[in-house]
Every structure is written in structure tokens, then in C-alpha cells.
Amino acid sequence: MSSNSEHKSGFVNIIGNPNVGKSSLLNAFIGVKLAAITPKAQTTRHRIFGIYNSEELQIVFSDTPGVIDPAYKMQESMMASVKEALSDADIFLIVVEIGDHRFKDERILEKVKSSNVPIILAINKIDSSNQNQLEMDVEFWKDYFEDKAEILPISVIENFNISTLLNRISELIPIAPPWFPKDQISDRNDRFIVSEVIREKILELYDQEIPYSVQIEVETFKEEAKLISIRAVIIVSRDSQKSIIIGKGGAMIKRLGSVSRKSLETYFSKKVYLETFVKTDKNWRNDERKLKKYGY
């Protein structure tokens with residue numbers, strides 16, 4: 001490995017509206033699935049570091065929750081992590097969706113614009129639009145950022161311009177020693193990954209308010225040579241939600257356990273034994289003490 005004087009390391013903070021592809025982009029950079037991804041908004045709840053390593057480079061990507069107007073205390077915590085991301089970036093990576101010129105909180109974009117930090121704006125989902133729209137969007141964002149932002153069209157789903165984006169980020173990263181061990185790919189532990197996988201499957205399998213009312217607690221995580229045994233508790237806000245999670249005759253929770261286990265086996269490359277239980281913790285999303293207990 002080269003000396004630390006030649007090594008480059010820094011923080012790239014990813015900011016954008018809900019459901020523009022921030023988590024998908026993070027996962028594409030790192031090459032493994034760290035963050036929950038679904039077509040539903042507000043999928044990401046926590047600030048997650050994904051760490052890209054090469055011999056002479058370490059990029060710490062920070063995936064933040066989508067910018068929203070908070071409706072309850074859990075969402076206030078989510079937005080606090082977005083604001084925290086404004087203070088420690090070496091590069092801002094703004095992700096927008098093609099055709100969308102609105103930002104949920106203009107103050108955040110204004111703070112990014114007024115900083116002295118390099119800005120890259122990625123226009124995602126260009127595969128779903130056309131050249132005219134793209135040209136209009138490029139002009140709009142060039143004007144908005146007063147030519148302070150580098151603009152790059154991308155499609156995460158088609159893997160278009162992802163390596164180009166990564167190369168440009170690598171060029172802008174400052175010279176510094178690595179912040180994390182070079183074999184580390186996230187600041188989150190295996191229990192967090194388990195909870196994200198289960199929560200992602202709940203987002204996919206259940207409708208309406210249910211996915212946004214759940215919290216996953218991994219009570220046990222026991223890894224052996226050929227098997228990982230996991231006991232996870234799904235916490236809901238109301239008893240009525242508990243019965244929906246379980247389903248008639250336990251059918252839904254059985255299905256949830258099955259799809260979650262398969263994803264976990266893919267991630268860990270090992271057999272997984274997964275037990276899931278459901279319990280009610282009334283109004284946990286609006287209780288500061290409970291939110292702290294659950295890591296918000």
C-alpha cells in the first residue's frame with residue numbers, strides 16, 4: 001500500500017428527496033446491499049456509512065433519509081441526521097429524479113449551495129425519460145446552483161455512468177489517511193443489516209401504514225461455522241397492526257420469515273435460521289425515550 005501522504009480518504013454525503021435512488025446508488029458503489037431499497041418513499045430511516053476501499057483510496061459514502069416534512073418525532077430524528085450530513089462532507093452528492101425540480105426542504109439545498117464543498121448533482125432514472133427532458137433538467141440545475149455543481153446523468157437500475165461518477169468522486173477526494181479499517185464496508189454491524197433486510201421485506205409485502213409503523217429489534221445473533229441463528233422481534237404501534245403482520249393462520253409472518261431468510265443467506269453466504277415474533281409498543285414513534293432505545 002502507498003504511504004498515507006498519497007492516500008486519499010473522505011466523506012461523500014448523499015442527499016435527496018425520498019425515493020430518488022440514494023440507497024440503490026450507495027449499494028451500487030459498495031457492491032453489497034447495506035440499505036433497504038423499495039419503491040416506497042421514506043425507506044431509509046438512519047444515516048448509514050458505506051465504505052468503498054481500494055489500495056490508495058477510501059470513500060465513506062453517507063446515505064441519509066430522504067428529505068421530508070416531519071410528521072412525528074421519529075421523522076424529526078431522521079431529518080436531524082440529514083442536517084448532520086451537511087456539516088462533515090468533503091463532497092456533496094445530490095441525487096434528483098429526472099423531471100423533478102422540487103426539493104422538500106429548499107433550506108438544505110441552499111446550505112449545500114453556499115458551502116465551499118464540491119457539489120456533484122446526479123440526475124437519476126434517465127432510462128425512464130428522454131433527451132429533451134434531460135437537457136431541460138441540466139439547464140435548470142446549472143442555473144439553480146449557479147454553475148457550482150457538476151451535473152451527471154445516471155441510471156442506477158441500468159448501471160449507466162455509475163463508474164464515471166465514482167471516478168469523478170475519486171478525483172475530488174482529499175489526500176488523507178483512511179478513516180476506517182480497509183476491510184470494513186460499513187459503520188453498521190450485522191444486527192443492523194438483519195433489521196434492514198426484514199424491514200425491507202415488510203415494505204415489500206405489506207400495504208399502507210404498516211411498514212412505517214414497524215421497528216425491528218434483533219434479540220439474538222449467533223454465528224457458527226455453517227449456520228447463523230437469529231431471533232428478531234417486529235415491534236408495531238397498535239395491536240391491530242400486530243394481527244396484520246401475523247396474517248390469517250400465521251401465513252404472512254411465515255412468508256416474511258422465508259423471504260427475509262433467503263436474502264440474509266445471500267448476504268452472509270451462510271445458512272440462516274430465523275425466528276420472528278411480533279409485539280406491540282404503543283405510540284413508539286412519538287416517544288423520545290423509546291426512540292432513543294431503538295437507536296434514533
# chains A, B, ... in the order shown; residues from 1 in each chain; ligands from 1

call {"tool": "select_by_dssp", "arguments": {"residues": "segment 166-224 of chain A", "states": "helix (DSSP H, G or I)", "output": "list in words"}}
result
Leu166, Asn167, Arg168, Ile169, Ser170, Glu171, Leu172, Asp190, Arg191, Phe192, Ile193, Val194, Ser195, Glu196, Val197, Ile198, Arg199, Glu200, Lys201, Ile202, Leu203, Glu204, Leu205, Ile210, Pro211, Tyr212 and Ser213 of chain A

call {"tool": "residues_around", "arguments": {"residues": "Arg261 of chain A", "least_positions_apart": "6", "cutoff": "10 Å", "atoms": "only C-alpha atoms", "output": "compact mmCIF listing (two decimals) with C-alpha atoms, in the first residue's frame"}}
result
# COMPACT_ATOMS: atom_id res chain seq x y z
CA VAL A 194 -30.55 -8.08 9.62
CA VAL A 197 -33.39 -6.78 5.46
CA ILE A 198 -36.51 -7.68 7.49
CA ILE A 230 -31.23 -15.10 14.57
CA ARG A 255 -43.86 -15.69 4.25
CA TYR A 267 -25.80 -11.55 2.18
CA LYS A 271 -27.29 -20.93 6.18
CA VAL A 272 -29.60 -18.83 8.36
CA TYR A 273 -32.13 -19.97 10.96
CA LEU A 274 -34.51 -17.05 11.54
CA GLU A 275 -37.21 -16.77 14.20

call {"tool": "select_by_dssp", "arguments": {"residues": "segment 182-252 of chain A", "states": "strand (DSSP E)", "output": "ChimeraX atom specification"}}
result
/A:215-223,227-236

call {"tool": "closest_residue", "arguments": {"among": "A:Asn53, A:Asp207, A:Lys22, A:Lys282", "to": "Ser170 of chain A", "atoms": "only C-alpha atoms"}}
result
A:Asn53

call {"tool": "residues_around", "arguments": {"residues": "segment 56-63 of chain A", "least_positions_apart": "4", "cutoff": "7 Å", "atoms": "only C-alpha atoms", "output": "JSON, numbers by chain"}}
result
{"A": [1, 2, 7, 8, 9, 10, 11, 12, 13, 14, 22, 23, 26, 47, 48, 49, 50, 51, 52, 178]}

call {"tool": "closest_residue", "arguments": {"among": "A:Glu55, A:Glu196, A:Glu158, A:Asp281", "to": "Ser263 of chain A", "atoms": "only C-alpha atoms"}}
result
A:Glu196
